[in-house]
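Structure file query-v4.cif (mmCIF, C-alpha atoms) follows.
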```cif
data_data
loop_
_atom_site.group_PDB
_atom_site.id
_atom_site.type_symbol
_atom_site.label_atom_id
_atom_site.label_comp_id
_atom_site.auth_asym_id
_atom_site.auth_seq_id
_atom_site.Cartn_x
_atom_site.Cartn_y
_atom_site.Cartn_z
ATOM 1 C CA MET A 79 6.496 -18.791 -29.365
ATOM 2 C CA VAL A 80 4.977 -15.369 -28.706
ATOM 3 C CA SER A 81 3.025 -14.301 -25.611
ATOM 4 C CA PHE A 82 1.553 -11.109 -24.202
ATOM 5 C CA PRO A 83 2.508 -10.681 -20.523
ATOM 6 C CA PRO A 84 -0.164 -8.548 -18.815
ATOM 7 C CA CYS A 85 0.280 -6.063 -16.009
ATOM 8 C CA LYS A 86 -1.633 -5.887 -12.731
ATOM 9 C CA ILE A 87 -3.162 -3.396 -10.378
ATOM 10 C CA ASN A 88 -3.375 -3.664 -6.618
ATOM 11 C CA LEU A 89 -6.867 -3.413 -5.179
ATOM 12 C CA GLY A 90 -5.849 -2.191 -1.751
ATOM 13 C CA LEU A 91 -2.452 -2.741 -0.156
ATOM 14 C CA ASN A 92 -1.927 -3.021 3.596
ATOM 15 C CA ILE A 93 1.572 -3.189 5.086
ATOM 16 C CA LEU A 94 1.076 -5.293 8.184
ATOM 17 C CA ARG A 95 4.445 -5.765 9.869
ATOM 18 C CA LYS A 96 8.220 -5.784 9.437
ATOM 19 C CA ARG A 97 9.671 -9.284 9.207
ATOM 20 C CA SER A 98 12.874 -10.635 10.705
ATOM 21 C CA ASP A 99 14.290 -11.162 7.190
ATOM 22 C CA GLY A 100 14.002 -7.439 6.421
ATOM 23 C CA TYR A 101 10.919 -7.760 4.233
ATOM 24 C CA HIS A 102 7.366 -6.772 5.167
ATOM 25 C CA ASP A 103 4.220 -8.835 5.459
ATOM 26 C CA ILE A 104 1.527 -7.329 3.265
ATOM 27 C CA GLU A 105 -2.084 -7.906 2.299
ATOM 28 C CA THR A 106 -3.283 -7.003 -1.185
ATOM 29 C CA CYS A 107 -5.451 -8.120 -4.078
ATOM 30 C CA PHE A 108 -3.607 -8.546 -7.366
ATOM 31 C CA TYR A 109 -5.902 -8.036 -10.356
ATOM 32 C CA PRO A 110 -4.703 -8.795 -13.924
ATOM 33 C CA VAL A 111 -5.049 -6.059 -16.538
ATOM 34 C CA PRO A 112 -5.015 -6.664 -20.327
ATOM 35 C CA PHE A 113 -2.348 -4.031 -21.007
ATOM 36 C CA THR A 114 0.625 -6.067 -22.149
ATOM 37 C CA ASP A 115 4.213 -6.375 -23.241
ATOM 38 C CA ILE A 116 5.127 -8.720 -26.105
ATOM 39 C CA LEU A 117 7.530 -11.577 -25.380
ATOM 40 C CA GLU A 118 9.012 -14.156 -27.761
ATOM 41 C CA VAL A 119 11.068 -17.218 -26.833
ATOM 42 C CA ILE A 120 12.438 -19.594 -29.476
ATOM 43 C CA PRO A 121 15.188 -22.254 -29.502
ATOM 44 C CA SER A 122 18.488 -20.996 -30.903
ATOM 45 C CA SER A 123 22.086 -22.013 -31.495
ATOM 46 C CA GLU A 124 23.229 -19.468 -28.919
ATOM 47 C CA PHE A 125 21.588 -17.487 -26.157
ATOM 48 C CA SER A 126 20.533 -13.911 -26.866
ATOM 49 C CA PHE A 127 18.248 -11.341 -25.294
ATOM 50 C CA THR A 128 17.067 -8.302 -27.233
ATOM 51 C CA LEU A 129 14.817 -5.457 -26.261
ATOM 52 C CA SER A 130 12.648 -2.957 -28.137
ATOM 53 C CA GLY A 131 9.978 -0.427 -27.195
ATOM 54 C CA ASN A 132 10.326 1.400 -23.908
ATOM 55 C CA ALA A 133 13.811 1.548 -22.449
ATOM 56 C CA VAL A 134 14.524 -0.699 -19.473
ATOM 57 C CA PRO A 135 17.302 0.445 -17.114
ATOM 58 C CA GLY A 136 20.091 -1.897 -16.021
ATOM 59 C CA ASN A 137 22.430 -4.428 -17.555
ATOM 60 C CA VAL A 138 21.147 -7.259 -19.733
ATOM 61 C CA GLU A 139 21.998 -9.924 -17.148
ATOM 62 C CA ASP A 140 19.949 -7.999 -14.568
ATOM 63 C CA ASN A 141 16.794 -8.184 -16.690
ATOM 64 C CA LEU A 142 14.249 -10.489 -15.087
ATOM 65 C CA CYS A 143 13.677 -12.356 -18.365
ATOM 66 C CA VAL A 144 17.364 -13.244 -18.472
ATOM 67 C CA LYS A 145 17.354 -14.169 -14.779
ATOM 68 C CA ALA A 146 14.379 -16.455 -15.426
ATOM 69 C CA TYR A 147 16.236 -18.182 -18.250
ATOM 70 C CA ARG A 148 19.434 -18.528 -16.196
ATOM 71 C CA LEU A 149 17.468 -20.068 -13.330
ATOM 72 C CA MET A 150 15.846 -22.676 -15.558
ATOM 73 C CA GLN A 151 19.071 -23.279 -17.454
ATOM 74 C CA ALA A 152 20.880 -24.097 -14.199
ATOM 75 C CA VAL A 153 18.183 -26.513 -13.012
ATOM 76 C CA TYR A 154 17.231 -28.200 -16.302
ATOM 77 C CA SER A 155 20.345 -27.727 -18.481
ATOM 78 C CA LEU A 156 18.291 -25.856 -21.056
ATOM 79 C CA PRO A 157 19.694 -25.443 -24.551
ATOM 80 C CA PRO A 158 20.217 -21.874 -25.809
ATOM 81 C CA ALA A 159 17.207 -19.693 -26.525
ATOM 82 C CA LYS A 160 16.555 -16.407 -28.250
ATOM 83 C CA ILE A 161 14.413 -14.084 -26.146
ATOM 84 C CA HIS A 162 12.977 -10.822 -27.433
ATOM 85 C CA LEU A 163 10.965 -8.432 -25.277
ATOM 86 C CA HIS A 164 8.999 -5.540 -26.720
ATOM 87 C CA LYS A 165 8.391 -3.307 -23.721
ATOM 88 C CA ILE A 166 5.084 -1.403 -23.560
ATOM 89 C CA ILE A 167 4.193 -1.440 -19.843
ATOM 90 C CA PRO A 168 6.028 1.486 -18.196
ATOM 91 C CA THR A 169 8.691 0.734 -15.591
ATOM 92 C CA GLY A 170 8.698 2.208 -12.094
ATOM 93 C CA ALA A 171 4.910 2.272 -12.191
ATOM 94 C CA GLY A 172 3.767 -0.374 -9.705
ATOM 95 C CA LEU A 173 2.156 -2.323 -12.547
ATOM 96 C CA GLY A 174 4.361 -5.403 -12.183
ATOM 97 C CA GLY A 175 5.499 -5.413 -15.803
ATOM 98 C CA GLY A 176 8.964 -6.770 -15.052
ATOM 99 C CA SER A 177 7.545 -9.470 -12.783
ATOM 100 C CA SER A 178 5.065 -10.450 -15.472
ATOM 101 C CA ASP A 179 7.803 -10.668 -18.098
ATOM 102 C CA ALA A 180 9.803 -12.947 -15.782
ATOM 103 C CA ALA A 181 6.837 -15.216 -15.041
ATOM 104 C CA TRP A 182 5.895 -15.470 -18.698
ATOM 105 C CA THR A 183 9.485 -16.273 -19.623
ATOM 106 C CA LEU A 184 9.199 -19.250 -17.252
ATOM 107 C CA ARG A 185 5.875 -20.205 -18.818
ATOM 108 C CA LEU A 186 7.250 -20.004 -22.348
ATOM 109 C CA LEU A 187 10.415 -21.933 -21.476
ATOM 110 C CA ASN A 188 8.206 -24.638 -19.982
ATOM 111 C CA ASP A 189 6.242 -24.871 -23.241
ATOM 112 C CA VAL A 190 9.060 -24.375 -25.757
ATOM 113 C CA PHE A 191 11.302 -27.027 -24.165
ATOM 114 C CA ASP A 192 8.416 -29.297 -23.096
ATOM 115 C CA LEU A 193 9.478 -29.388 -19.441
ATOM 116 C CA LYS A 194 5.986 -30.394 -18.313
ATOM 117 C CA LEU A 195 6.273 -28.409 -15.090
ATOM 118 C CA SER A 196 3.157 -27.852 -13.009
ATOM 119 C CA LYS A 197 1.885 -24.389 -12.149
ATOM 120 C CA GLU A 198 2.911 -24.934 -8.541
ATOM 121 C CA THR A 199 6.474 -25.692 -9.595
ATOM 122 C CA LEU A 200 6.545 -22.630 -11.855
ATOM 123 C CA LYS A 201 5.248 -20.520 -8.970
ATOM 124 C CA GLU A 202 8.075 -21.743 -6.751
ATOM 125 C CA TYR A 203 10.643 -20.677 -9.351
ATOM 126 C CA ALA A 204 8.826 -17.395 -9.953
ATOM 127 C CA SER A 205 8.902 -16.541 -6.242
ATOM 128 C CA ARG A 206 12.704 -16.727 -6.378
ATOM 129 C CA LEU A 207 12.709 -13.932 -8.948
ATOM 130 C CA GLY A 208 10.430 -11.466 -7.141
ATOM 131 C CA SER A 209 7.699 -11.222 -4.546
ATOM 132 C CA ASP A 210 4.840 -10.738 -7.026
ATOM 133 C CA CYS A 211 6.201 -12.857 -9.897
ATOM 134 C CA ALA A 212 4.250 -15.949 -8.858
ATOM 135 C CA PHE A 213 0.956 -14.111 -9.354
ATOM 136 C CA PHE A 214 1.543 -14.029 -13.112
ATOM 137 C CA ILE A 215 1.757 -17.817 -13.393
ATOM 138 C CA ASP A 216 -2.025 -17.893 -12.957
ATOM 139 C CA ASP A 217 -4.475 -15.770 -14.921
ATOM 140 C CA GLY A 218 -6.980 -14.536 -12.343
ATOM 141 C CA PRO A 219 -7.315 -12.242 -9.337
ATOM 142 C CA MET A 220 -5.516 -13.353 -6.186
ATOM 143 C CA MET A 221 -5.151 -12.238 -2.610
ATOM 144 C CA GLY A 222 -1.450 -11.871 -1.877
ATOM 145 C CA THR A 223 -0.046 -12.241 1.624
ATOM 146 C CA GLY A 224 3.389 -12.810 3.127
ATOM 147 C CA ARG A 225 5.769 -10.845 0.870
ATOM 148 C CA GLY A 226 3.048 -11.107 -1.759
ATOM 149 C CA GLU A 227 4.078 -14.592 -2.825
ATOM 150 C CA ILE A 228 1.393 -16.465 -0.848
ATOM 151 C CA LEU A 229 -1.554 -16.465 -3.221
ATOM 152 C CA THR A 230 -5.196 -17.333 -2.633
ATOM 153 C CA PRO A 231 -7.908 -17.079 -5.312
ATOM 154 C CA VAL A 232 -10.482 -14.390 -4.625
ATOM 155 C CA LYS A 233 -13.917 -13.972 -6.169
ATOM 156 C CA ILE A 234 -14.041 -10.552 -7.757
ATOM 157 C CA ASP A 235 -15.078 -9.794 -11.303
ATOM 158 C CA LEU A 236 -14.614 -6.378 -12.875
ATOM 159 C CA LYS A 237 -15.464 -7.517 -16.390
ATOM 160 C CA GLY A 238 -17.254 -4.804 -18.339
ATOM 161 C CA LYS A 239 -15.619 -2.041 -16.302
ATOM 162 C CA TYR A 240 -13.145 0.367 -17.871
ATOM 163 C CA LEU A 241 -9.739 0.950 -16.351
ATOM 164 C CA ALA A 242 -7.863 4.188 -16.923
ATOM 165 C CA LEU A 243 -4.127 4.045 -16.159
ATOM 166 C CA VAL A 244 -2.141 7.240 -15.764
ATOM 167 C CA LYS A 245 1.647 7.153 -15.332
ATOM 168 C CA PRO A 246 3.244 10.484 -14.379
ATOM 169 C CA GLU A 247 6.801 11.159 -15.525
ATOM 170 C CA VAL A 248 8.263 10.185 -12.164
ATOM 171 C CA HIS A 249 9.832 6.938 -10.981
ATOM 172 C CA VAL A 250 9.237 5.466 -7.537
ATOM 173 C CA SER A 251 11.569 2.769 -6.196
ATOM 174 C CA THR A 252 10.212 0.247 -3.717
ATOM 175 C CA ALA A 253 12.811 1.407 -1.178
ATOM 176 C CA GLN A 254 11.595 4.997 -1.511
ATOM 177 C CA ALA A 255 7.988 3.909 -1.096
ATOM 178 C CA TYR A 256 8.757 2.088 2.160
ATOM 179 C CA GLU A 257 10.430 5.156 3.689
ATOM 180 C CA GLY A 258 8.092 6.523 6.354
ATOM 181 C CA VAL A 259 5.624 3.620 6.170
ATOM 182 C CA ARG A 260 4.264 2.563 9.557
ATOM 183 C CA PRO A 261 3.071 -1.059 9.475
ATOM 184 C CA ALA A 262 -0.242 -1.683 11.210
ATOM 185 C CA GLU A 263 -3.208 -4.014 11.217
ATOM 186 C CA PRO A 264 -6.007 -2.504 9.068
ATOM 187 C CA LYS A 265 -9.446 -1.621 10.356
ATOM 188 C CA ASN A 266 -11.033 -3.265 7.326
ATOM 189 C CA ARG A 267 -9.752 -6.402 5.626
ATOM 190 C CA ILE A 268 -9.352 -6.092 1.877
ATOM 191 C CA ALA A 269 -11.244 -9.300 1.109
ATOM 192 C CA ASN A 270 -14.248 -7.973 3.022
ATOM 193 C CA ILE A 271 -14.172 -4.590 1.285
ATOM 194 C CA LEU A 272 -14.060 -6.260 -2.124
ATOM 195 C CA THR A 273 -17.452 -7.868 -1.505
ATOM 196 C CA LYS A 274 -19.002 -4.402 -1.712
ATOM 197 C CA GLN A 275 -19.887 -2.516 -4.898
ATOM 198 C CA VAL A 276 -16.933 -0.709 -6.516
ATOM 199 C CA ALA A 277 -18.472 2.702 -5.787
ATOM 200 C CA GLU A 278 -18.418 1.845 -2.056
ATOM 201 C CA TRP A 279 -14.647 1.210 -1.993
ATOM 202 C CA ARG A 280 -13.754 4.886 -1.781
ATOM 203 C CA GLY A 281 -12.580 5.732 1.723
ATOM 204 C CA LEU A 282 -12.348 2.037 2.674
ATOM 205 C CA LEU A 283 -9.943 0.397 0.222
ATOM 206 C CA GLU A 284 -6.549 2.002 0.764
ATOM 207 C CA ASN A 285 -2.971 1.625 -0.429
ATOM 208 C CA ASP A 286 -0.595 2.305 2.470
ATOM 209 C CA PHE A 287 2.136 3.388 0.043
ATOM 210 C CA GLU A 288 -0.080 6.166 -1.231
ATOM 211 C CA ARG A 289 0.332 8.196 1.942
ATOM 212 C CA THR A 290 4.139 8.340 1.867
ATOM 213 C CA VAL A 291 4.518 8.531 -1.911
ATOM 214 C CA GLY A 292 1.743 11.132 -2.167
ATOM 215 C CA GLU A 293 3.536 13.361 0.328
ATOM 216 C CA LYS A 294 6.723 13.271 -1.738
ATOM 217 C CA LEU A 295 4.966 13.445 -5.098
ATOM 218 C CA PRO A 296 1.805 15.621 -4.996
ATOM 219 C CA VAL A 297 1.181 14.756 -8.655
ATOM 220 C CA ILE A 298 -0.098 11.350 -7.470
ATOM 221 C CA ARG A 299 -2.895 12.958 -5.467
ATOM 222 C CA SER A 300 -3.629 15.379 -8.281
ATOM 223 C CA ILE A 301 -4.105 12.582 -10.815
ATOM 224 C CA LYS A 302 -6.325 10.657 -8.405
ATOM 225 C CA GLU A 303 -8.538 13.709 -7.903
ATOM 226 C CA LYS A 304 -8.809 14.236 -11.664
ATOM 227 C CA LEU A 305 -9.854 10.627 -12.172
ATOM 228 C CA TYR A 306 -12.645 11.071 -9.640
ATOM 229 C CA GLU A 307 -13.645 14.332 -11.339
ATOM 230 C CA ALA A 308 -13.834 12.401 -14.625
ATOM 231 C CA GLY A 309 -16.358 9.998 -13.076
ATOM 232 C CA ALA A 310 -14.252 7.166 -11.629
ATOM 233 C CA GLU A 311 -16.133 4.904 -9.229
ATOM 234 C CA TYR A 312 -12.836 4.212 -7.487
ATOM 235 C CA ALA A 313 -9.273 5.471 -7.926
ATOM 236 C CA SER A 314 -5.961 4.564 -6.327
ATOM 237 C CA MET A 315 -2.234 4.377 -6.816
ATOM 238 C CA THR A 316 -1.154 0.832 -7.667
ATOM 239 C CA GLY A 317 1.617 -0.977 -5.828
ATOM 240 C CA SER A 318 4.452 1.303 -4.791
ATOM 241 C CA GLY A 319 3.603 3.694 -7.645
ATOM 242 C CA SER A 320 3.801 5.830 -9.557
ATOM 243 C CA ALA A 321 0.885 4.762 -11.798
ATOM 244 C CA VAL A 322 -2.633 5.718 -10.705
ATOM 245 C CA TYR A 323 -5.781 3.990 -11.947
ATOM 246 C CA GLY A 324 -9.457 4.740 -12.055
ATOM 247 C CA ILE A 325 -12.274 2.217 -12.472
ATOM 248 C CA PHE A 326 -15.209 3.466 -14.564
ATOM 249 C CA SER A 327 -18.599 2.005 -15.439
ATOM 250 C CA LYS A 328 -18.487 3.785 -18.834
ATOM 251 C CA LYS A 329 -15.547 4.497 -21.132
ATOM 252 C CA PRO A 330 -14.046 7.713 -19.738
ATOM 253 C CA GLN A 331 -13.298 10.825 -21.746
ATOM 254 C CA PHE A 332 -10.595 12.818 -20.022
ATOM 255 C CA GLU A 333 -7.285 14.574 -20.619
ATOM 256 C CA ILE A 334 -4.437 14.676 -18.140
ATOM 257 C CA GLY A 335 -1.775 16.472 -20.114
ATOM 258 C CA GLY A 336 1.817 15.308 -20.203
ATOM 259 C CA ARG A 337 1.120 11.897 -18.726
ATOM 260 C CA VAL A 338 1.401 8.394 -20.139
ATOM 261 C CA GLN A 339 -2.131 7.069 -20.063
ATOM 262 C CA THR A 340 -4.236 4.264 -21.474
ATOM 263 C CA VAL A 341 -7.790 2.975 -21.131
ATOM 264 C CA VAL A 342 -8.634 -0.741 -21.308
ATOM 265 C CA MET A 343 -11.781 -2.779 -20.763
ATOM 266 C CA LEU A 344 -11.425 -5.305 -17.956
#
```

Go ahead and express the file in the form of C-alpha cells.
Amino acid sequence: MVSFPPCKINLGLNILRKRSDGYHDIETCFYPVPFTDILEVIPSSEFSFTLSGNAVPGNVEDNLCVKAYRLMQAVYSLPPAKIHLHKIIPTGAGLGGGSSDAAWTLRLLNDVFDLKLSKETLKEYASRLGSDCAFFIDDGPMMGTGRGEILTPVKIDLKGKYLALVKPEVHVSTAQAYEGVRPAEPKNRIANILTKQVAEWRGLLENDFERTVGEKLPVIRSIKEKLYEAGAEYASMTGSGSAVYGIFSKKPQFEIGGRVQTVVML
C-alpha cells in the first residue's frame, strides 16, 4: 500500500512556558501542505526498511518509520513488513516531514494488517513518537497546545492560495532553536488572529523561534523579506526552521538563488 505523507507549516508559534518535564508548552496552528514524501508498506517474509531520495541522517533503527513499526510490533505482534520511504520533504526544515512519515506508517500498518484502530488510538501511539506526530493522523488544520500533541480543530481555509516554500542550505535543530527563547504569554492569541484576512496577519502572527534563529542565521530574515517583495500576503519561518514560507493570492514568480524551493496550491 502506497501513501503520500504531507508536510505542514505553522501559522504562528508561541512558546508559553517551561514545563517541569523539561519540555515547553506552546500554542500554534498546524496547517497541512500538499508537498509530500512517498511511503510504501507491504507484508513481507522479513522486516526491511529502505530509503531513496533525499538523504536522512541517523541509523536505520532511529528512523521514525522504523520506530513506528517497532512500537506497533511490540503491542500487536505484527508480522514482518517491508517499508520503503522516498524522501522529498527536506529535513531540518520545520516542515514535520519525519513526523508525518511516522504517523502515516502507523496509518498504513493499521490498514495493511487490518488492526481496526480508531484515530484516537493512533494519535495516542503517534504522540509517543514525537510532539507533532499526532497532527498527521488527521487531515485538517489543528490548533496545537501542550507540547503540540493536544489538538483542537480550527476553522481556517487557505484553499486557492499559493504557498511558496524556501529551504536555505542550513539545518536548525530544535535544541538550537530553543536557545535564547524567553517563554511568555502572547498579546494576541493565534486563534483570534487567524479569523482576520491573511494580509492582516503581518505584524500580528509571529513565530517565537524566528527571533532567535533569525539572529543566528540572517538568511532566514533575508528570505522572508524577498517573499514579501515578491508579493506575499504573509511570510514566516515554520516551526523551528529553517524553511520559510510565503502565502500568495496569485502564483508567484520569483527567484531566490541557491535555495531549495517549491510552490504548491493549498

If we count all atoms listed in the file and set the cut-off at 8 Å, which residues sit around region 259-275 of chain A, ignoring sequence neighbours fewer than 2 positions away in its own chain? Please answer as a list of chain:residue names. A:Leu89, A:Gly90, A:Leu91, A:Asn92, A:Ile93, A:Leu94, A:Arg95, A:Lys96, A:Glu105, A:Thr106, A:Cys107, A:Met221, A:Val232, A:Ile234, A:Ala255, A:Tyr256, A:Glu257, A:Ala277, A:Glu278, A:Trp279, A:Leu282, A:Leu283, A:Asp286, A:Phe287, A:Thr290

Same residues, C-alpha atoms, saved as a tab-separated table (two decimals), in the coordinates of the input:
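Output saved as result-v4.tsv:
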```tsv
chain	number	residue	atom	x	y	z
A	89	LEU	CA	-6.87	-3.41	-5.18
A	90	GLY	CA	-5.85	-2.19	-1.75
A	91	LEU	CA	-2.45	-2.74	-0.16
A	92	ASN	CA	-1.93	-3.02	3.60
A	93	ILE	CA	1.57	-3.19	5.09
A	94	LEU	CA	1.08	-5.29	8.18
A	95	ARG	CA	4.44	-5.76	9.87
A	96	LYS	CA	8.22	-5.78	9.44
A	105	GLU	CA	-2.08	-7.91	2.30
A	106	THR	CA	-3.28	-7.00	-1.18
A	107	CYS	CA	-5.45	-8.12	-4.08
A	221	MET	CA	-5.15	-12.24	-2.61
A	232	VAL	CA	-10.48	-14.39	-4.62
A	234	ILE	CA	-14.04	-10.55	-7.76
A	255	ALA	CA	7.99	3.91	-1.10
A	256	TYR	CA	8.76	2.09	2.16
A	257	GLU	CA	10.43	5.16	3.69
A	277	ALA	CA	-18.47	2.70	-5.79
A	278	GLU	CA	-18.42	1.84	-2.06
A	279	TRP	CA	-14.65	1.21	-1.99
A	282	LEU	CA	-12.35	2.04	2.67
A	283	LEU	CA	-9.94	0.40	0.22
A	286	ASP	CA	-0.60	2.31	2.47
A	287	PHE	CA	2.14	3.39	0.04
A	290	THR	CA	4.14	8.34	1.87
```

Could you tell me how far CA of Val144 (chain A) sits from CA of Gly172 (chain A), in Å to one decimal place?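 These atoms are spaced 20.7 Å apart.
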
Pairwise distance for CA of Leu184 (chain A) and CA of Lys165 (chain A), rounded to one decimal in Å: 17.2 Å

Please evaluate the PyMOL selection byres ((chain A and resi 312-326) around 8) against the structure above and give the resulting residues as a VMD selection string. chain A and resid 87 to 89 91 170 to 173 239 to 246 248 to 252 255 276 to 277 279 to 280 284 to 285 287 to 288 291 298 301 to 302 305 to 306 309 to 311 327 to 330

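Coordinates place CA of Arg299 (chain A) at a distance of 12.9 Å from CA of Ile334 (chain A).
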
Here's the selection I'm unsure about, the PyMOL selection byres ((chain A and resi 127-130) around 12); applied to the file above, which residues does it give, as a PyMOL selection string? chain A and resi 115-120+122+124-126+131-135+137-148+158-167+179+183

Pick the closest to Val342 (chain A) from A:Gly218, A:Leu187, A:Ala212, A:Cys85: which is it, counting all atoms listed in the file?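 Comparing A:Gly218, A:Leu187, A:Ala212, A:Cys85 against Val342 (chain A), the winner is A:Cys85.
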
Long-range neighbours of region 174-178 of chain A as a VMD selection string, 7 Å cut-off, all atoms listed in the file, 6 positions minimum in chain: chain A and resid 83 to 86 142 167 208 210 to 211 214
